file input15.cif (mmCIF, C-alpha atoms and all ligand atoms)
data_upload
loop_
_atom_site.group_PDB
_atom_site.id
_atom_site.type_symbol
_atom_site.label_atom_id
_atom_site.label_comp_id
_atom_site.auth_asym_id
_atom_site.auth_seq_id
_atom_site.Cartn_x
_atom_site.Cartn_y
_atom_site.Cartn_z
ATOM 1 C CA MET U 1 0.000 0.000 0.000
ATOM 2 C CA ARG U 2 1.356 3.447 -0.866
ATOM 3 C CA LYS U 3 1.637 6.293 1.656
ATOM 4 C CA ILE U 4 -1.660 7.749 2.904
ATOM 5 C CA GLU U 5 -1.170 11.151 1.159
ATOM 6 C CA GLU U 6 -0.554 9.347 -2.142
ATOM 7 C CA LEU U 7 -3.539 7.085 -1.525
ATOM 8 C CA VAL U 8 -5.745 10.148 -0.967
ATOM 9 C CA ASN U 9 -4.535 11.602 -4.289
ATOM 10 C CA LEU U 10 -5.187 8.286 -6.021
ATOM 11 C CA PHE U 11 -8.734 8.134 -4.645
ATOM 12 C CA LYS U 12 -9.369 11.736 -5.711
ATOM 13 C CA SER U 13 -8.022 11.124 -9.216
ATOM 14 C CA ARG U 14 -10.417 8.153 -9.546
ATOM 15 C CA GLU U 15 -13.279 10.242 -8.152
ATOM 16 C CA LEU U 16 -13.554 7.920 -5.158
ATOM 17 C CA LYS U 17 -14.837 9.431 -1.939
ATOM 18 C CA ILE U 18 -12.412 10.278 0.847
ATOM 19 C CA THR U 19 -14.128 10.350 4.235
ATOM 20 C CA PRO U 20 -12.683 10.540 7.768
ATOM 21 C CA GLN U 21 -13.778 6.903 8.177
ATOM 22 C CA ARG U 22 -11.872 5.829 5.062
ATOM 23 C CA LEU U 23 -8.805 7.718 6.286
ATOM 24 C CA GLY U 24 -9.122 5.863 9.593
ATOM 25 C CA ILE U 25 -9.144 2.544 7.732
ATOM 26 C CA PHE U 26 -6.034 3.593 5.759
ATOM 27 C CA LYS U 27 -4.286 4.412 9.044
ATOM 28 C CA ILE U 28 -5.112 1.003 10.515
ATOM 29 C CA LEU U 29 -3.731 -0.687 7.405
ATOM 30 C CA GLU U 30 -0.571 1.404 7.067
ATOM 31 C CA GLY U 31 2.415 -0.738 8.049
ATOM 32 C CA ASN U 32 0.074 -3.404 9.447
ATOM 33 C CA THR U 33 1.721 -6.843 9.366
ATOM 34 C CA SER U 34 -1.011 -8.705 11.283
ATOM 35 C CA HIS U 35 -3.055 -9.605 8.154
ATOM 36 C CA PRO U 36 -6.350 -8.382 9.633
ATOM 37 C CA SER U 37 -9.785 -9.543 8.508
ATOM 38 C CA ALA U 38 -12.545 -7.034 7.674
ATOM 39 C CA GLU U 39 -14.016 -7.914 11.095
ATOM 40 C CA ASN U 40 -10.714 -7.106 12.843
ATOM 41 C CA ILE U 41 -10.557 -3.696 11.121
ATOM 42 C CA PHE U 42 -14.241 -3.036 11.861
ATOM 43 C CA HIS U 43 -13.635 -3.790 15.540
ATOM 44 C CA GLU U 44 -10.637 -1.444 15.673
ATOM 45 C CA ILE U 45 -12.167 1.479 13.761
ATOM 46 C CA ARG U 46 -15.306 1.401 15.935
ATOM 47 C CA HIS U 47 -13.201 2.692 18.831
ATOM 48 C CA ILE U 48 -12.729 5.907 16.793
ATOM 49 C CA TYR U 49 -15.967 5.974 14.739
ATOM 50 C CA PRO U 50 -18.614 4.085 16.747
ATOM 51 C CA MET U 51 -21.280 4.697 14.072
ATOM 52 C CA ILE U 52 -19.295 3.204 11.165
ATOM 53 C CA SER U 53 -20.994 0.293 9.402
ATOM 54 C CA PHE U 54 -19.358 -2.989 8.503
ATOM 55 C CA THR U 55 -20.351 -2.325 4.874
ATOM 56 C CA THR U 56 -18.243 0.848 4.833
ATOM 57 C CA VAL U 57 -15.222 -1.095 6.051
ATOM 58 C CA TYR U 58 -15.792 -3.952 3.620
ATOM 59 C CA LYS U 59 -16.376 -1.660 0.623
ATOM 60 C CA THR U 60 -13.231 0.352 1.373
ATOM 61 C CA LEU U 61 -11.197 -2.859 1.530
ATOM 62 C CA GLU U 62 -12.685 -4.020 -1.784
ATOM 63 C CA VAL U 63 -11.787 -0.686 -3.422
ATOM 64 C CA LEU U 64 -8.223 -0.879 -2.086
ATOM 65 C CA GLU U 65 -7.927 -4.435 -3.368
ATOM 66 C CA SER U 66 -9.267 -3.525 -6.813
ATOM 67 C CA LEU U 67 -6.676 -0.723 -6.992
ATOM 68 C CA GLY U 68 -3.934 -3.261 -6.175
ATOM 69 C CA GLU U 69 -3.086 -1.450 -2.940
ATOM 70 C CA ILE U 70 -3.759 -4.424 -0.660
ATOM 71 C CA LEU U 71 -3.785 -8.178 -1.195
ATOM 72 C CA LYS U 72 -6.583 -10.477 -0.134
ATOM 73 C CA ILE U 73 -5.579 -13.802 1.400
ATOM 74 C CA THR U 74 -8.357 -16.368 1.391
ATOM 75 C CA ILE U 75 -8.212 -19.383 3.679
ATOM 76 C CA ASP U 76 -10.642 -22.287 3.140
ATOM 77 C CA GLY U 77 -12.710 -20.180 0.746
ATOM 78 C CA THR U 78 -14.576 -18.298 3.453
ATOM 79 C CA ARG U 79 -12.122 -16.428 5.645
ATOM 80 C CA LYS U 80 -10.545 -13.362 4.057
ATOM 81 C CA TYR U 81 -7.585 -11.440 5.379
ATOM 82 C CA TYR U 82 -5.944 -8.311 4.020
ATOM 83 C CA ASP U 83 -2.267 -7.548 3.542
ATOM 84 C CA PRO U 84 -1.079 -3.990 2.787
ATOM 85 C CA ASN U 85 2.334 -5.425 1.899
ATOM 86 C CA THR U 86 1.967 -6.026 -1.842
ATOM 87 C CA THR U 87 5.620 -6.855 -2.515
ATOM 88 C CA PRO U 88 6.015 -10.601 -3.199
ATOM 89 C CA HIS U 89 6.406 -12.565 0.022
ATOM 90 C CA HIS U 90 5.262 -15.839 1.547
ATOM 91 C CA HIS U 91 3.190 -16.721 4.596
ATOM 92 C CA THR U 92 2.887 -19.132 7.485
ATOM 93 C CA ILE U 93 -0.747 -19.851 8.373
ATOM 94 C CA CYS U 94 -1.805 -21.457 11.636
ATOM 95 C CA SER U 95 -4.438 -24.102 10.925
ATOM 96 C CA ARG U 96 -5.987 -23.644 14.372
ATOM 97 C CA CYS U 97 -6.175 -19.889 15.026
ATOM 98 C CA ASN U 98 -5.595 -18.658 11.417
ATOM 99 C CA MET U 99 -2.677 -16.459 12.475
ATOM 100 C CA ILE U 100 -0.874 -15.352 9.324
ATOM 101 C CA ALA U 101 2.763 -14.244 9.491
ATOM 102 C CA ASP U 102 5.109 -13.000 6.787
ATOM 103 C CA VAL U 103 8.001 -15.064 5.469
ATOM 104 C CA ASN U 104 10.343 -12.671 3.706
ATOM 105 C CA GLU U 105 12.970 -15.231 2.684
ATOM 106 C CA GLU U 106 13.196 -15.971 -1.007
ATOM 107 C CA PHE U 107 12.659 -19.483 -2.303
ATOM 108 C CA ASP U 108 13.323 -20.794 -5.768
ATOM 109 C CA MET U 109 10.202 -20.967 -7.858
ATOM 110 C CA PRO U 110 8.904 -24.553 -7.910
ATOM 111 C CA ARG U 111 9.463 -26.128 -11.335
ATOM 112 C CA LEU U 112 6.298 -26.754 -13.274
ATOM 113 C CA PRO U 113 6.061 -29.697 -15.674
ATOM 114 C CA GLY U 114 6.599 -28.920 -19.371
ATOM 115 C CA GLU U 115 2.991 -29.721 -20.298
ATOM 116 C CA ILE U 116 1.844 -26.915 -17.992
ATOM 117 C CA LEU U 117 4.509 -24.475 -19.189
ATOM 118 C CA ASP U 118 3.297 -25.104 -22.771
ATOM 119 C CA LYS U 119 0.004 -23.490 -21.811
ATOM 120 C CA PHE U 120 0.994 -21.169 -19.004
ATOM 121 C CA THR U 121 3.836 -18.766 -18.181
ATOM 122 C CA PRO U 122 4.142 -18.135 -14.444
ATOM 123 C CA SER U 123 5.204 -14.634 -13.435
ATOM 124 C CA ASN U 124 4.862 -14.841 -9.679
ATOM 125 C CA TYR U 125 4.296 -17.375 -6.919
ATOM 126 C CA HIS U 126 3.213 -17.386 -3.335
ATOM 127 C CA ILE U 127 3.934 -20.143 -0.820
ATOM 128 C CA SER U 128 1.637 -20.719 2.168
ATOM 129 C CA PHE U 129 3.108 -22.904 4.910
ATOM 130 C CA TYR U 130 0.303 -24.432 6.978
ATOM 131 C CA GLY U 131 0.890 -25.644 10.526
ATOM 132 C CA ASN U 132 0.566 -24.500 14.101
ATOM 133 C CA CYS U 133 1.817 -21.258 15.607
ATOM 134 C CA ARG U 134 3.796 -21.453 18.825
ATOM 135 C CA GLU U 135 0.790 -20.652 21.013
ATOM 136 C CA CYS U 136 -1.413 -23.285 19.423
ATOM 137 C CA PHE U 137 1.414 -25.808 19.365
ATOM 138 C CA GLY U 138 1.773 -25.232 23.106
ATOM 139 C CA GLU U 139 -1.926 -25.944 23.577
ATOM 140 C CA VAL U 140 -1.690 -29.135 21.559
ATOM 141 C CA LYS U 141 1.285 -30.326 23.620
ATOM 142 C CA ASP U 142 -0.516 -29.556 26.888
ATOM 143 C CA VAL U 143 -3.520 -31.625 25.838
ATOM 144 C CA SER U 144 -1.369 -34.591 24.857
ATOM 145 C CA THR U 145 0.471 -34.690 28.196
ATOM 146 C CA ILE U 146 -2.701 -34.814 30.311
HETATM 147 ZN ZN ZN U 201 -2.344 -20.607 16.162
HETATM 148 ZN ZN ZN U 202 1.917 -10.821 4.332
#

call {"tool": "encode", "arguments": {"input": "input15.cif", "output": "structure tokens", "more": "lines below"}}
Ligand SMILES: [Zn+2]
Ligand SMILES: [Zn+2]
result
Amino acid sequence: MRKIEELVNLFKSRELKITPQRLGIFKILEGNTSHPSAENIFHEIRHIYPMISFTTVYKTLEVLESLGEILKITIDGTRKYYDPNTTPHHHTICSRCNMIADVNEEFDMPRLPGEILDKFTPSNYHISFYGNCRECFGEVKDVSTI
């Protein structure tokens, strides 16, 4: 996601509305590495704008995504999380609590079979490592020792 001043200019140039609520959402997203869901952002922004609707939050996120300013990460087809870091990077995803963390190391692109490369030219790739975060792993271990 670009800087907030630049984002405001971008919205204005596309004739998209800039409201104090939208600015508040931009501020929550700026530099945010927690991969929040729309619900997480809604919960946070309500401390500042108690009257804001979930639709406002969701629509703003959809606009930002359509402008390529944030990425949407979908887990199991239903849960959506947003990432303002649009530079290529990978993720670890906890299968229990859905915590998503960045993996900034670079990995070689997996080699695709020739029959796929005949029909498709990959330009980018994203690796999701599924497992358990430390907190959930701790819980699992505790249960097993009882
Ligand atoms: Zn977890
Ligand atoms: Zn990320």

call {"tool": "closest_atom_pairs", "arguments": {"input": "input15.cif", "of": "chain U", "to": "ligand ZN 202 (chain U)", "cutoff": "8 Å", "atoms": "only C-alpha atoms and all ligand atoms", "output": "Markdown table"}}
result
| residue | atom | partner | partner_atom | distance |
| --- | --- | --- | --- | --- |
| U:Thr33 | CA | U:ZN202 | ZN | 6.4 |
| U:Ser34 | CA | U:ZN202 | ZN | 7.8 |
| U:His35 | CA | U:ZN202 | ZN | 6.4 |
| U:Asp83 | CA | U:ZN202 | ZN | 5.4 |
| U:Pro84 | CA | U:ZN202 | ZN | 7.6 |
| U:Asn85 | CA | U:ZN202 | ZN | 5.9 |
| U:Thr86 | CA | U:ZN202 | ZN | 7.8 |
| U:His89 | CA | U:ZN202 | ZN | 6.5 |
| U:His90 | CA | U:ZN202 | ZN | 6.6 |
| U:His91 | CA | U:ZN202 | ZN | 6.0 |
| U:Ile100 | CA | U:ZN202 | ZN | 7.3 |
| U:Ala101 | CA | U:ZN202 | ZN | 6.2 |
| U:Asp102 | CA | U:ZN202 | ZN | 4.6 |
| U:Val103 | CA | U:ZN202 | ZN | 7.5 |

call {"tool": "closest_atom_pairs", "arguments": {"input": "input15.cif", "of": "chain U", "to": "ligand ZN 201 (chain U)", "cutoff": "10 Å", "atoms": "all atoms listed in the file", "output": "CSV"}}
result
residue,atom,partner,partner_atom,distance
U:Ile93,CA,U:ZN201,ZN,8.0
U:Cys94,CA,U:ZN201,ZN,4.6
U:Ser95,CA,U:ZN201,ZN,6.6
U:Arg96,CA,U:ZN201,ZN,5.1
U:Cys97,CA,U:ZN201,ZN,4.1
U:Asn98,CA,U:ZN201,ZN,6.1
U:Met99,CA,U:ZN201,ZN,5.6
U:Ile100,CA,U:ZN201,ZN,8.7
U:Gly131,CA,U:ZN201,ZN,8.2
U:Asn132,CA,U:ZN201,ZN,5.3
U:Cys133,CA,U:ZN201,ZN,4.2
U:Arg134,CA,U:ZN201,ZN,6.7
U:Glu135,CA,U:ZN201,ZN,5.8
U:Cys136,CA,U:ZN201,ZN,4.3
U:Phe137,CA,U:ZN201,ZN,7.2
U:Gly138,CA,U:ZN201,ZN,9.3
U:Glu139,CA,U:ZN201,ZN,9.1

call {"tool": "closest_residue", "arguments": {"input": "input15.cif", "among": "U:Glu6, U:Asp76, U:Glu39, U:Asp108", "to": "U:Asn124", "atoms": "only C-alpha atoms"}}
result
U:Asp108

call {"tool": "atom_distance", "arguments": {"input": "input15.cif", "atom1": "atom CA of U:Ile48", "atom2": "atom CA of U:Thr78"}}
result
27.7 Å

call {"tool": "atom_distance", "arguments": {"input": "input15.cif", "atom1": "atom CA of U:Glu69", "atom2": "atom CA of U:Met51"}}
result
25.7 Å

call {"tool": "closest_residue", "arguments": {"input": "input15.cif", "among": "U:Thr92, U:Thr87, U:Asn40, U:Thr19", "to": "U:Thr60", "atoms": "only C-alpha atoms"}}
result
U:Thr19

call {"tool": "closest_residue", "arguments": {"input": "input15.cif", "among": "U:Met109, U:Val8, U:Ile28, U:Met1", "to": "U:Ile70", "atoms": "only C-alpha atoms"}}
result
U:Met1

call {"tool": "residues_around", "arguments": {"input": "input15.cif", "residues": "U:His47", "least_positions_apart": "5", "cutoff": "12 Å", "atoms": "all atoms listed in the file", "output": "ChimeraX atom specification"}}
result
/U:21,24-25,28,40-42,52

call {"tool": "residues_around", "arguments": {"input": "input15.cif", "residues": "U:Tyr81", "least_positions_apart": "4", "cutoff": "7 Å", "atoms": "all atoms listed in the file", "output": "number ranges by chain"}}
result
U: 35-37, 72-74

call {"tool": "atom_distance", "arguments": {"input": "input15.cif", "atom1": "atom CA of U:Phe11", "atom2": "atom CA of U:Tyr125"}}
result
28.7 Å

call {"tool": "build_atoms", "arguments": {"input": "input15.cif", "residues": "stretch 83-94 of chain U", "atoms": "N, CA and C atoms", "output": "PDB file, keeping the file's coordinate frame"}}
result
ATOM      1  N   ASP U  83      -3.702  -7.778   3.358  1.00  0.00           N
ATOM      2  CA  ASP U  83      -2.267  -7.548   3.542  1.00  0.00           C
ATOM      3  C   ASP U  83      -1.878  -6.284   2.774  1.00  0.00           C
ATOM      4  N   PRO U  84      -1.493  -5.209   3.500  1.00  0.00           N
ATOM      5  CA  PRO U  84      -1.079  -3.990   2.787  1.00  0.00           C
ATOM      6  C   PRO U  84       0.322  -4.110   2.180  1.00  0.00           C
ATOM      7  N   ASN U  85       1.018  -5.199   2.492  1.00  0.00           N
ATOM      8  CA  ASN U  85       2.334  -5.425   1.899  1.00  0.00           C
ATOM      9  C   ASN U  85       2.142  -6.172   0.577  1.00  0.00           C
ATOM     10  N   THR U  86       2.244  -5.420  -0.535  1.00  0.00           N
ATOM     11  CA  THR U  86       1.967  -6.026  -1.842  1.00  0.00           C
ATOM     12  C   THR U  86       3.245  -6.476  -2.559  1.00  0.00           C
ATOM     13  N   THR U  87       4.399  -6.320  -1.902  1.00  0.00           N
ATOM     14  CA  THR U  87       5.620  -6.855  -2.515  1.00  0.00           C
ATOM     15  C   THR U  87       5.603  -8.379  -2.328  1.00  0.00           C
ATOM     16  N   PRO U  88       6.124  -9.137  -3.301  1.00  0.00           N
ATOM     17  CA  PRO U  88       6.015 -10.601  -3.199  1.00  0.00           C
ATOM     18  C   PRO U  88       6.654 -11.131  -1.918  1.00  0.00           C
ATOM     19  N   HIS U  89       5.889 -11.888  -1.171  1.00  0.00           N
ATOM     20  CA  HIS U  89       6.406 -12.565   0.022  1.00  0.00           C
ATOM     21  C   HIS U  89       5.515 -13.760   0.327  1.00  0.00           C
ATOM     22  N   HIS U  90       5.979 -14.599   1.240  1.00  0.00           N
ATOM     23  CA  HIS U  90       5.262 -15.839   1.547  1.00  0.00           C
ATOM     24  C   HIS U  90       4.663 -15.751   2.953  1.00  0.00           C
ATOM     25  N   HIS U  91       3.881 -16.767   3.310  1.00  0.00           N
ATOM     26  CA  HIS U  91       3.190 -16.721   4.596  1.00  0.00           C
ATOM     27  C   HIS U  91       3.229 -18.055   5.336  1.00  0.00           C
ATOM     28  N   THR U  92       3.207 -17.963   6.668  1.00  0.00           N
ATOM     29  CA  THR U  92       2.887 -19.132   7.485  1.00  0.00           C
ATOM     30  C   THR U  92       1.466 -18.911   7.991  1.00  0.00           C
ATOM     31  N   ILE U  93       0.656 -19.955   7.966  1.00  0.00           N
ATOM     32  CA  ILE U  93      -0.747 -19.851   8.373  1.00  0.00           C
ATOM     33  C   ILE U  93      -1.034 -20.925   9.412  1.00  0.00           C
ATOM     34  N   CYS U  94      -1.484 -20.486  10.591  1.00  0.00           N
ATOM     35  CA  CYS U  94      -1.805 -21.457  11.636  1.00  0.00           C
ATOM     36  C   CYS U  94      -3.165 -22.080  11.330  1.00  0.00           C
TER      37      CYS U  94
END
